[in-house]
Structures are given as C-alpha cells and as structure tokens.
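Structure file start-v6.txt (compact mmCIF, C-alpha atoms) is printed below.
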```
# COMPACT_ATOMS: atom_id res chain seq x y z
CA MET W 1292 0.00 0.00 0.00
CA SER W 1293 1.46 3.38 -0.96
CA SER W 1294 1.07 6.39 1.24
CA GLN W 1295 0.30 9.48 -0.80
CA THR W 1296 -0.28 12.89 0.67
CA LEU W 1297 -3.44 14.45 -0.68
CA PRO W 1298 -3.25 18.18 -1.45
CA VAL W 1299 -4.70 20.36 1.27
CA VAL W 1300 -7.56 22.51 0.03
CA GLY W 1301 -7.85 25.69 2.06
CA PRO W 1302 -10.84 27.94 2.64
CA ILE W 1303 -9.93 30.43 -0.08
CA GLU W 1304 -9.54 27.69 -2.68
CA LYS W 1305 -12.90 26.24 -1.60
CA LEU W 1306 -14.52 29.67 -1.92
CA ILE W 1307 -13.08 30.16 -5.43
CA GLU W 1308 -14.37 26.73 -6.42
CA GLU W 1309 -17.85 27.40 -4.98
CA ARG W 1310 -18.22 30.76 -6.72
CA ILE W 1311 -16.98 29.59 -10.10
CA SER W 1312 -19.10 26.44 -9.92
CA LYS W 1313 -22.19 28.47 -9.03
CA GLU W 1314 -21.73 31.13 -11.71
CA LEU W 1315 -20.29 29.14 -14.63
CA ALA W 1316 -21.25 25.51 -13.93
CA PRO W 1317 -17.99 24.35 -15.53
CA THR W 1318 -17.59 20.89 -17.01
CA SER W 1319 -13.99 21.00 -15.87
CA LEU W 1320 -12.40 23.05 -13.08
CA LYS W 1321 -8.88 23.02 -11.73
CA ILE W 1322 -7.61 25.48 -9.14
CA ILE W 1323 -3.85 25.56 -8.61
CA ASN W 1324 -2.34 27.34 -5.63
CA GLU W 1325 0.77 29.11 -6.95
CA SER W 1326 1.39 31.20 -3.85
CA HIS W 1327 4.72 29.50 -3.20
CA MET W 1328 6.05 30.90 -6.49
CA HIS W 1329 5.47 34.49 -5.34
CA ARG W 1330 6.92 34.43 -1.81
CA HIS W 1331 10.12 36.15 -2.92
CA HIS W 1332 8.31 39.21 -4.35
CA ALA W 1333 8.82 42.35 -2.30
CA PRO W 1334 5.11 42.96 -1.56
CA MET W 1335 4.86 39.41 -0.18
CA GLN W 1336 7.60 39.87 2.42
CA GLY W 1337 6.14 39.31 5.85
CA VAL W 1338 2.88 37.86 4.52
CA GLU W 1339 2.01 34.70 6.45
CA SER W 1340 -0.80 33.49 4.17
CA THR W 1341 -0.17 30.50 1.90
CA ALA W 1342 -3.20 31.39 -0.24
CA THR W 1343 -2.40 34.53 -2.21
CA HIS W 1344 -2.02 33.49 -5.86
CA PHE W 1345 -4.14 30.97 -7.75
CA ARG W 1346 -4.30 29.79 -11.35
CA VAL W 1347 -7.77 28.74 -12.46
CA LYS W 1348 -8.40 26.48 -15.43
CA ASN W 1349 -12.00 25.87 -16.34
CA LYS W 1350 -14.12 24.75 -19.23
CA THR W 1351 -17.73 25.85 -19.47
CA PRO W 1352 -20.54 23.85 -21.07
CA ALA W 1353 -20.57 26.33 -23.99
CA GLU W 1354 -16.87 25.69 -24.65
CA THR W 1355 -17.40 21.93 -24.44
CA GLU W 1356 -20.34 22.14 -26.87
CA LYS W 1357 -18.35 24.31 -29.28
CA GLN W 1358 -15.45 21.82 -29.28
CA ALA W 1359 -17.83 18.92 -29.93
CA LYS W 1360 -19.19 20.67 -33.05
CA GLN W 1361 -15.75 21.27 -34.55
```

Can I see the file as structure tokens?
Amino acid sequence: MSSQTLPVVGPIEKLIEERISKELAPTSLKIINESHMHRHHAPMQGVESTATHFRVKNKTPAETEKQAKQ
C-alpha cells in the first residue's frame, strides 16, 4: 500500500471553487495554488498566508459544446 499525501484545500480555494461552480457551472475546473512561487516578491515579504495566488483552469458547457461541433 502506498502512502500518498493528498493536497490540502484551504478555505480560499474552496470559496473560489464554490463561486466559479455556481456562476459558470464548468464541465472541468482546476484550481492551482501558486502562492509559493510568489513568496520572494517584495510585496509578499512578511505575509504569512499561503493562499495569495491561484491559477484557475475551467471549461464551461458552452466551450465543451463548441469543441464537440468542430
């Protein structure tokens, strides 16, 4: 049996997911926390939060339908 660590989903990521899901009803949604890549930036010095920068990839039903027709 392998022991894998599941990614921790924080409250901000959950909120982003809830709002996008409610408004866009995506067929595909991926939220990537990229906060660690911005820690060295001057404005981030002294910031304790690990949830400051996110990349969102989503596909809406309209996009999925358009791709199916092509």

Can you work out the spacing between atom CA of W:Glu1325 and atom CA of W:Val1299 in Å, to one decimal?
13.2 Å

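When atom CA of W:Glu1308 is paired with atom CA of W:Ile1322, their separation reads 7.4 Å.
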
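The gap separating atom CA of W:Arg1310 from atom CA of W:Ala1342 is 16.4 Å, in Å to one decimal.
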
List the neighbours of W:Ile1307 out to 10 Å using all atoms listed in the file; skip same-chain residues closer than 6 positions along the sequence, and give me the result as a ChimeraX atom specification.
/W:1313,1322,1345,1347

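With only C-alpha atoms as the atoms that count, the residue of W:Gln1361, W:Met1328, W:Pro1317, W:Glu1309 with the shortest distance to W:Arg1346 is W:Met1328.
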
Shell of 12 Å around W:His1329, only C-alpha atoms, local chain residues under 4 positions omitted, as a ChimeraX atom specification:
/W:1324-1325,1333-1336,1338,1340-1345

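Excluding W:Leu1320 itself and same-chain residues fewer than 3 positions from it, the residues having an atom within 7 Å of it are Pro1317, Lys1348, Asn1349 and Lys1350 of chain W, counting all atoms listed in the file.
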
Which residue is closest to W:Thr1355? Choose from W:Ile1323, W:Val1300, W:Thr1318, W:His1331 and count only C-alpha atoms.
W:Thr1318

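Distances here use only C-alpha atoms; by that measure, the residue among W:Gly1337, W:Gln1358, W:Glu1304, W:Pro1352 closest to W:Lys1321 is W:Glu1304.
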